[in-house]
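model-v3.cif (mmCIF, C-alpha atoms) appears below.
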data_query
loop_
_atom_site.label_atom_id
_atom_site.label_comp_id
_atom_site.auth_asym_id
_atom_site.auth_seq_id
_atom_site.Cartn_x
_atom_site.Cartn_y
_atom_site.Cartn_z
CA MET B 418 2.87 24.62 2.73
CA ARG B 419 4.70 22.39 5.21
CA LYS B 420 6.93 19.78 3.62
CA THR B 421 9.12 17.12 5.18
CA THR B 422 11.46 14.77 3.40
CA ARG B 423 12.94 11.41 4.24
CA SER B 424 15.35 9.43 2.10
CA LEU B 425 15.21 5.69 1.53
CA LEU B 426 18.61 5.43 -0.19
CA THR B 427 20.38 2.12 0.12
CA ALA B 428 23.90 2.25 1.52
CA GLY B 429 25.35 1.54 -1.91
CA ALA B 430 23.24 4.15 -3.62
CA LEU B 431 24.15 6.68 -0.92
CA ALA B 432 27.83 6.14 -1.63
CA VAL B 433 27.20 6.70 -5.33
CA ALA B 434 25.22 9.84 -4.59
CA MET B 435 28.02 11.21 -2.39
CA SER B 436 30.50 10.61 -5.17
CA GLY B 437 28.43 12.88 -7.40
CA SER B 438 27.66 10.20 -9.94
CA LEU B 439 24.13 9.19 -8.93
CA LEU B 440 22.42 11.39 -11.48
CA LEU B 441 25.23 11.30 -14.04
CA ALA B 442 25.59 7.55 -14.28
CA GLY B 443 26.88 7.65 -17.85
CA PRO B 444 28.68 10.06 -20.15
CA ALA B 445 26.89 13.34 -20.79
CA ILE B 446 24.76 13.23 -23.91
CA ALA B 447 26.48 15.12 -26.69
CA ASP B 448 24.55 17.91 -28.36
CA THR B 449 24.34 16.02 -31.66
CA GLY B 450 21.68 14.15 -33.56
CA ASP B 451 18.33 15.05 -35.04
CA VAL B 452 15.42 16.37 -33.01
CA VAL B 453 12.54 13.96 -33.57
CA ASN B 454 10.40 14.95 -30.56
CA PRO B 455 10.36 18.76 -30.58
CA LEU B 456 9.21 20.58 -27.45
CA SER B 457 7.69 24.05 -27.45
CA SER B 458 9.26 26.57 -25.08
CA SER B 459 6.22 26.32 -22.79
CA ASP B 460 6.37 22.50 -22.79
CA GLU B 461 10.07 22.50 -22.00
CA SER B 462 9.51 25.05 -19.23
CA GLN B 463 6.83 22.79 -17.73
CA VAL B 464 9.18 19.78 -17.76
CA ARG B 465 11.96 21.84 -16.15
CA ASP B 466 9.56 23.09 -13.46
CA TYR B 467 8.78 19.45 -12.65
CA PHE B 468 12.48 18.59 -12.41
CA ASP B 469 13.18 21.70 -10.31
CA GLN B 470 10.40 20.77 -7.87
CA TYR B 471 12.12 17.47 -7.10
CA GLY B 472 15.73 18.65 -7.12
CA VAL B 473 17.04 17.34 -10.45
CA ALA B 474 20.28 19.18 -11.25
CA PRO B 475 20.18 21.59 -14.25
CA ALA B 476 22.92 19.69 -16.12
CA VAL B 477 20.98 16.44 -15.72
CA GLN B 478 17.83 18.19 -16.93
CA ASP B 479 19.70 19.30 -20.06
CA ASP B 480 20.75 15.72 -20.82
CA LEU B 481 17.30 14.29 -20.18
CA ILE B 482 15.52 16.87 -22.32
CA TRP B 483 17.99 16.35 -25.15
CA SER B 484 17.55 12.58 -24.87
CA PHE B 485 13.78 12.99 -25.15
CA LYS B 486 14.07 15.32 -28.13
CA THR B 487 16.32 12.88 -29.99
CA GLY B 488 14.13 9.85 -29.32
CA ASP B 489 15.88 8.21 -26.36
CA ALA B 490 13.43 6.86 -23.77
CA TRP B 491 14.40 7.75 -20.18
CA ASP B 492 15.22 5.00 -17.70
CA ALA B 493 11.97 5.81 -15.85
CA PHE B 494 10.13 4.45 -18.92
CA GLN B 495 12.24 1.32 -19.38
CA PRO B 496 10.48 -1.97 -18.53
CA GLY B 497 12.14 -3.58 -15.52
CA ALA B 498 14.35 -0.58 -14.69
CA GLU B 499 15.01 -0.29 -10.96
CA PRO B 500 15.45 3.08 -9.23
CA VAL B 501 18.79 3.82 -7.61
CA SER B 502 17.14 5.79 -4.81
CA THR B 503 13.72 6.51 -3.33
CA THR B 504 12.79 9.62 -1.36
CA VAL B 505 9.50 10.43 0.38
CA GLN B 506 8.27 14.03 0.75
CA THR B 507 5.22 14.83 2.86
CA THR B 508 3.21 18.03 2.45
CA ASP B 509 -0.02 19.04 4.17
CA LEU B 510 -1.97 17.45 1.30
CA THR B 511 0.04 14.60 -0.22
CA GLU B 512 2.72 12.03 0.39
CA ASN B 513 5.05 12.05 -2.61
CA THR B 514 7.38 9.14 -3.36
CA ILE B 515 10.21 10.12 -5.74
CA LYS B 516 12.05 7.28 -7.47
CA THR B 517 15.30 8.33 -9.16
CA TYR B 518 16.80 6.23 -11.95
CA ALA B 519 20.39 5.89 -13.14
CA ASP B 520 20.09 8.52 -15.88
CA GLY B 521 18.53 11.02 -13.46
CA SER B 522 14.94 10.62 -14.66
CA ILE B 523 12.33 10.41 -11.92
CA ALA B 524 8.90 8.89 -11.31
CA VAL B 525 6.78 10.64 -8.69
CA THR B 526 3.78 9.04 -6.98
CA GLU B 527 1.40 11.44 -5.23
CA VAL B 528 -1.10 9.97 -2.76
CA GLU B 529 -3.58 12.25 -1.00
CA ILE B 530 -3.45 12.41 2.79
CA PRO B 531 -7.00 11.95 4.12
CA THR B 532 -8.84 14.21 6.51
CA ALA B 533 -10.30 12.31 9.48
CA VAL B 534 -14.09 12.63 9.76
CA ASN B 535 -16.85 10.99 11.80
CA SER B 536 -20.48 10.18 11.11
CA ASN B 537 -21.57 13.64 12.28
CA SER B 538 -19.12 15.68 10.23
CA ARG B 539 -18.72 16.42 6.54
CA ALA B 540 -15.58 17.13 4.59
CA TRP B 541 -14.57 17.51 0.97
CA GLY B 542 -11.71 15.72 -0.70
CA CYS B 543 -9.94 12.62 0.56
CA THR B 544 -11.38 11.48 3.91
CA PHE B 545 -10.87 8.72 6.45
CA THR B 546 -13.65 7.37 8.67
CA SER B 547 -12.58 5.15 11.54
CA ALA B 548 -14.39 1.90 12.30
CA GLY B 549 -12.64 1.72 15.66
CA THR B 550 -10.74 -1.49 16.28
CA TYR B 551 -12.34 -2.98 13.15
CA GLY B 552 -10.43 -0.72 10.73
CA GLY B 553 -11.62 2.15 8.56
CA TYR B 554 -12.84 3.60 5.27
CA TRP B 555 -11.07 5.95 2.83
CA LYS B 556 -13.09 7.92 0.29
CA ASN B 557 -12.42 10.18 -2.69
CA CYS B 558 -8.62 9.84 -2.54
CA ASP B 559 -6.49 10.68 -5.56
CA VAL B 560 -3.38 8.75 -6.62
CA THR B 561 -1.15 10.01 -9.45
CA VAL B 562 2.05 8.90 -11.15
CA ASN B 563 4.00 11.74 -12.82
CA LEU B 564 6.96 11.04 -15.14
CA GLY B 565 7.49 14.63 -16.22
CA VAL B 566 6.31 14.35 -19.83
CA ILE B 567 3.30 12.23 -18.94
CA SER B 568 1.09 11.99 -15.85
CA GLN B 569 -1.88 9.73 -15.05
CA GLY B 570 -4.09 9.37 -12.02
CA PHE B 571 -7.58 8.65 -10.68
CA HIS B 572 -9.73 8.73 -7.54
CA LEU B 573 -10.61 5.69 -5.47
CA ASN B 574 -12.47 4.55 -2.36
CA TYR B 575 -11.06 1.74 -0.27
CA GLU B 576 -11.43 0.05 3.10
CA ASN B 577 -9.58 -2.21 5.49
CA ILE B 578 -12.04 -3.94 7.78
CA GLN B 579 -11.38 -6.78 10.19
CA GLY B 580 -12.76 -10.00 8.74
CA GLY B 581 -13.09 -8.54 5.24
CA GLY B 582 -9.56 -7.39 4.63
CA ALA B 583 -8.33 -4.53 2.48
CA LYS B 584 -10.10 -3.82 -0.81
CA ILE B 585 -10.66 -1.04 -3.31
CA THR B 586 -14.41 -0.56 -3.34
CA SER B 587 -14.79 1.92 -6.24
CA TYR B 588 -12.75 4.11 -8.60
CA ASP B 589 -13.46 6.89 -11.11
CA ARG B 590 -12.44 10.33 -12.45
CA TYR B 591 -9.18 9.56 -14.21
CA HIS B 592 -7.01 12.51 -15.23
CA HIS B 593 -3.85 12.93 -17.28
CA PHE B 594 -1.54 15.24 -19.13
CA ILE B 595 1.07 14.57 -21.80
CA VAL B 596 3.77 16.71 -23.41
CA GLY B 597 4.45 16.34 -27.14
CA GLY B 598 1.98 13.51 -27.73
CA ALA B 599 -1.65 12.47 -27.30
CA LEU B 600 -3.44 9.75 -25.35
CA GLY B 601 -6.60 7.88 -26.31
CA GLY B 602 -8.58 4.81 -25.32
CA HIS B 603 -8.59 5.65 -21.62
CA ARG B 604 -9.80 2.86 -19.32
CA LEU B 605 -9.87 1.94 -15.66
CA GLU B 606 -9.64 -1.80 -15.02
CA ARG B 607 -9.94 -3.79 -11.82
CA ILE B 608 -7.12 -6.34 -11.63
CA SER B 609 -8.11 -7.67 -8.22
CA ASN B 610 -9.72 -6.51 -4.96
CA THR B 611 -6.54 -4.56 -4.18
CA LYS B 612 -5.31 -3.49 -7.64
CA VAL B 613 -6.81 -1.06 -10.17
CA ARG B 614 -5.04 0.00 -13.37
CA TYR B 615 -5.50 3.12 -15.51
CA SER B 616 -4.33 2.58 -19.10
CA ALA B 617 -4.27 4.79 -22.19
CA ASP B 618 -2.84 4.40 -25.69
CA LEU B 619 -0.23 6.76 -27.09
CA SER B 620 -2.16 7.76 -30.20
CA VAL B 621 0.29 10.48 -31.27
CA ALA B 622 3.54 8.68 -30.65
CA TRP B 623 6.87 9.93 -29.44
CA GLN B 624 9.66 8.61 -31.62
CA GLY B 625 11.69 6.08 -29.70
CA PHE B 626 8.50 4.46 -28.35
CA PRO B 627 6.67 1.60 -30.09
CA LEU B 628 3.69 2.59 -32.22
CA GLY B 629 0.53 1.86 -30.25
CA TRP B 630 2.44 1.88 -26.95
CA THR B 631 0.12 1.75 -23.93
CA SER B 632 0.91 3.90 -20.90
CA TRP B 633 -0.42 2.65 -17.58
CA MET B 634 -0.23 3.27 -13.86
CA GLN B 635 -1.69 1.06 -11.16
CA ALA B 636 -2.84 1.63 -7.58
CA ASN B 637 -2.00 -1.23 -5.22
CA LEU B 638 -3.60 -1.45 -1.78
CA SER B 639 -1.84 -3.25 1.07
CA GLY B 640 -3.44 -2.86 4.48
CA ASN B 641 -3.99 0.88 4.90
CA ASP B 642 -1.37 1.90 2.33
CA ILE B 643 -1.56 2.72 -1.38
CA THR B 644 1.52 2.22 -3.57
CA THR B 645 1.84 2.34 -7.35
CA THR B 646 3.44 0.55 -10.26
CA HIS B 647 3.74 1.81 -13.84
CA ASN B 648 5.32 1.01 -17.18
#

Reformat the file's structure so that it appears as structure tokens.
Amino acid sequence: MRKTTRSLLTAGALAVAMSGSLLLAGPAIADTGDVVNPLSSSDESQVRDYFDQYGVAPAVQDDLIWSFKTGDAWDAFQPGAEPVSTTVQTTDLTENTIKTYADGSIAVTEVEIPTAVNSNSRAWGCTFTSAGTYGGYWKNCDVTVNLGVISQGFHLNYENIQGGGAKITSYDRYHHFIVGGALGGHRLERISNTKVRYSADLSVAWQGFPLGWTSWMQANLSGNDITTTHN
């Protein structure tokens, strides 16, 4: 599968990365403490595969996995945490935005790339139908936020039409996975014409997270582009 990558590092973050400290922004986590969030070998392998896919160094993976096991929430889960770098990878099917945080944890947004169709053609999956100079329509497009130990996403239809503006017209088919916990109370909520949120409650909690913590990701439409936010 074809894949291209472009980096959106700031100049300051690039200097940090070149110094070798971008992903090791603090002292290495010592191999001490009690394991409160155990991971099975298959679960840990799945998390490492995720990190490998997006280039997280093995030593950083070790620290992050130990942090999770001992009840330390990663920076990617911290409210208000800002990434130190952002990279965009494009495959034949998706555009993936990888946000890297100071401790090396990552949040990955996957947005489907639509197939162009016209009124006389049919296609499965995410499609785009042009309305000429008036704009266009996107249908059946998936957006996902993956944090390694938890992932949430859903499908949506949206449009950007001259005179009507950009809006999400419908949304459905949420999907998720979680490692070492369980989610319940799944709901899709319209926040506005351009924002839809998928929320779920952590019903089997990780230690280090508040009891009853709600995990959410949100699709935000601006013009022709979908971005995401999450907690």

Query raised in the report: Can you list what the PyMOL selection byres ((chain B and resi 563) around 9) grabs from this structure, as a ChimeraX atom specification?
Result: /B:523-527,561-562,564-570

With C-alpha atoms retained, could you export that selection as a tab-separated table (two decimals), in the frame of the given file?
chain	number	residue	atom	x	y	z
B	523	ILE	CA	12.33	10.41	-11.92
B	524	ALA	CA	8.90	8.89	-11.31
B	525	VAL	CA	6.78	10.64	-8.69
B	526	THR	CA	3.78	9.04	-6.98
B	527	GLU	CA	1.40	11.44	-5.23
B	561	THR	CA	-1.15	10.01	-9.45
B	562	VAL	CA	2.05	8.90	-11.15
B	564	LEU	CA	6.96	11.04	-15.14
B	565	GLY	CA	7.49	14.63	-16.22
B	566	VAL	CA	6.31	14.35	-19.83
B	567	ILE	CA	3.30	12.23	-18.94
B	568	SER	CA	1.09	11.99	-15.85
B	569	GLN	CA	-1.88	9.73	-15.05
B	570	GLY	CA	-4.09	9.37	-12.02

Requested in this report: Given the file shown, enumerate the residues that the PyMOL selection byres ((chain B and resi 512) around 7) captures and present them as a VMD selection string.
Outcome: chain B and resid 505 to 508 511 513 to 514 527 to 530

Requested in this report: Please write as number ranges by chain the full residue list that the PyMOL selection byres ((chain B and resi 502) around 6) yields on this file.
Outcome: B: 426, 500-501, 503, 516-517

Query - Distance query 9 Å from (-9.9, 3.1, -15.0) using only C-alpha atoms, result as a ChimeraX atom specification - result: /B:571,588-591,603-607,613-616

How close does each residue of region 495-614 of chain B get to region 477-487 of chain B, giving the shortest atom pair and distance in Å to one decimal for every residue with an atom at most 10 Å away, counting all atoms listed in the file, sorted by chain and residue number, as a tab-separated table?
residue	atom	partner	partner_atom	distance
B:Asp520	CA	B:Leu481	CA	7.7
B:Gly521	CA	B:Val477	CA	6.4
B:Ser522	CA	B:Leu481	CA	7.0
B:Val566	CA	B:Phe485	CA	9.3
B:Gly597	CA	B:Lys486	CA	9.7

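One distance worth recording is that between CA of Phe545 (chain B) and CA of Cys558 (chain B), which is 9.3 Å.
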
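Of note, CA of Ser632 (chain B) and CA of Thr586 (chain B) are spaced 23.7 Å apart.
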